[in-house]
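Student: Below is the structure I would like to discuss, written out as structure tokens.
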Amino acid sequence: MNTYDFTLAGAQLKALNTGALWWPDKQLLCVSDLHLGKSERIARRGGTSLPPYETRDTLTRLAADLALTHARTVVCLGDSFDDLGAALALPEEERLWITRLQTGRRWVWIEGNHDPGPVDLGGSHLAELPLAPLTFRHIAEAGASGEVSGHYHPKASVALGGRTVTRPAFIYDSDRLILPAYGTYTGGLNTRDKAFRALMRAEACAVLTGKIPIAIPMPRTPT
């Protein structure tokens with residue numbers, strides 16, 4: 001298991017190289033911003049046609065992380081579907097796949113700004129999930145502590161071997177953790193953006209995803 005280990009509010013956590021968060025003591029796997037059905041939504045609204053495989057790719061990676069961790073609880077941290085139409089248009093094969101992944105597990109869908117609300121896919125649907133000492137919600141709240149959120153799709157850059165590598169990234173400080181987007185067709189917001197500078201403390205770290213997680217001080221100076 002390729003992970004970066006760290007502590008938030010006393011909870012021992014592992015940032016997986018895939019962009020998922022593993023909390024061993026709770027046997028909990030958390031993923032954020034799956035945006036399932038994004039290619040369908042783009043095509044439906046007259047946008048550029050994209051290969052309609054992103055849901056399968058995202059679910060394949062999620063299934064692998066579940067097999068790796070044997071998670072008993074799964075928290076999907078909001079924006080799990082790209083919109084209501086995307087949720088309703090989810091092919092039956094993929095709906096059944098989600099049902100199989102849920103079997104024998106507690107599955108929590110956290111509401112996001114893209115989410116359609118409760119859909120007939122099993123699990124529970126919550127605005128947020130308090131699980132001491134942490135609270136799981138979609139969008140970070142000012143002044144919160146022990147908070148795990150998503151929404152912003154953070155990404156960060158690092159110089160490696162004479163070139164600049166940019167990857168989705170976890171960002172965390174003593175108060176909060178913001179997860180990268182887990183979905184295949186998801187963009188990202190650079191940690192240098194003012195949204196992160198306002199939320200994160202000066203000592204914040206970024207953990208870049210990829211084959212091996214790379215931890216660096218969170219880049220925050222505007223370019």
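Every chain in the structure tokens has a letter given in the order shown (A, B, ...), and although residue numbers restart at 1 in each chain, ligands are simply numbered from 1 in the order shown.
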I'd like the neighbourhood of A:Leu96 as number ranges by chain, where a residue qualifies if any of its atoms comes within 12 Å (using only C-alpha atoms), though same-chain residues fewer than 4 positions away should be ignored.
Tutor: A: 56, 59, 90-92, 100-103, 120-122
Student: Env of A:Lys26: 12 Å cut, atoms = only C-alpha atoms, seq-sep filter 4 positions within chain, self excluded. Answer as a ChimeraX atom specification.
Tutor: /A:11-14,21-22,30,69-75,106,131-134
Student: Store the residues of this selection in a file with C-alpha atoms, as a compact mmCIF listing (two decimals), in the first residue's frame.
Tutor:
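Output (out_21.txt):
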# COMPACT_ATOMS: atom_id res chain seq x y z
CA ALA A 11 -6.65 10.63 14.18
CA GLN A 12 -3.99 8.55 12.44
CA LEU A 13 -4.68 8.79 8.70
CA LYS A 14 -3.19 7.52 5.46
CA LEU A 21 -8.11 8.58 2.39
CA TRP A 22 -7.78 5.56 4.70
CA CYS A 30 -13.09 8.23 2.08
CA THR A 69 -8.05 -1.85 2.57
CA HIS A 70 -11.00 -4.17 3.31
CA ALA A 71 -12.89 -1.04 4.39
CA ARG A 72 -16.03 -1.52 6.47
CA THR A 73 -17.20 2.07 6.02
CA VAL A 74 -17.09 4.15 2.83
CA VAL A 75 -17.65 7.91 2.81
CA ARG A 106 -21.71 1.08 5.71
CA LEU A 131 -17.18 10.82 13.58
CA ALA A 132 -15.05 11.99 16.49
CA PRO A 133 -12.53 13.51 16.37
CA LEU A 134 -13.28 14.29 12.69
Student: Hey, what's within 9 Å of A:Leu189 if we count only C-alpha atoms and toss same-chain stuff fewer than 2 positions away? As a list in words, please?
Tutor: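 Result of the neighbour search: Tyr152, His153, Pro154, Lys155, Ala156, Pro168, Gly187, Thr191, Arg192 and Asp193 of chain A.
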Student: Looking only at alpha helix (DSSP H) from DSSP on the backbone, list the matching residues of stretch 99-223 of chain A as number ranges by chain.
Tutor: A: 99-102, 194-199
Student: So how many Å separate atom CA of A:Ala64 and atom CA of A:Gly210, to one decimal?
Tutor: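 Computed distance, atom CA of A:Ala64 to atom CA of A:Gly210, equals 15.0 Å.
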Student: Enter the distance from atom CA of A:Ala144 to atom CA of A:Cys205, in Å, rounded to one decimal.
Tutor: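 Value for the atom CA of A:Ala144-atom CA of A:Cys205 distance: 17.5 Å.
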Student: Show me, as a PyMOL selection string, the residues that have an atom within 7 Å of A:Ala15 when counting only C-alpha atoms, minus same-chain residues fewer than 3 positions from it.
Tutor: chain A and resi 3-5+19-22
Student: Would you kindly return, as a list in words, each protein, DNA or RNA residue with an atom no farther than 7 Å from any atom of A:Asn17, considering only C-alpha atoms and excluding same-chain residues fewer than 3 positions away?
Tutor: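 Listing them by chain and then by number gives Asn2, Thr3, Thr209, Gly210, Lys211, Ile212 and Pro213 of chain A.
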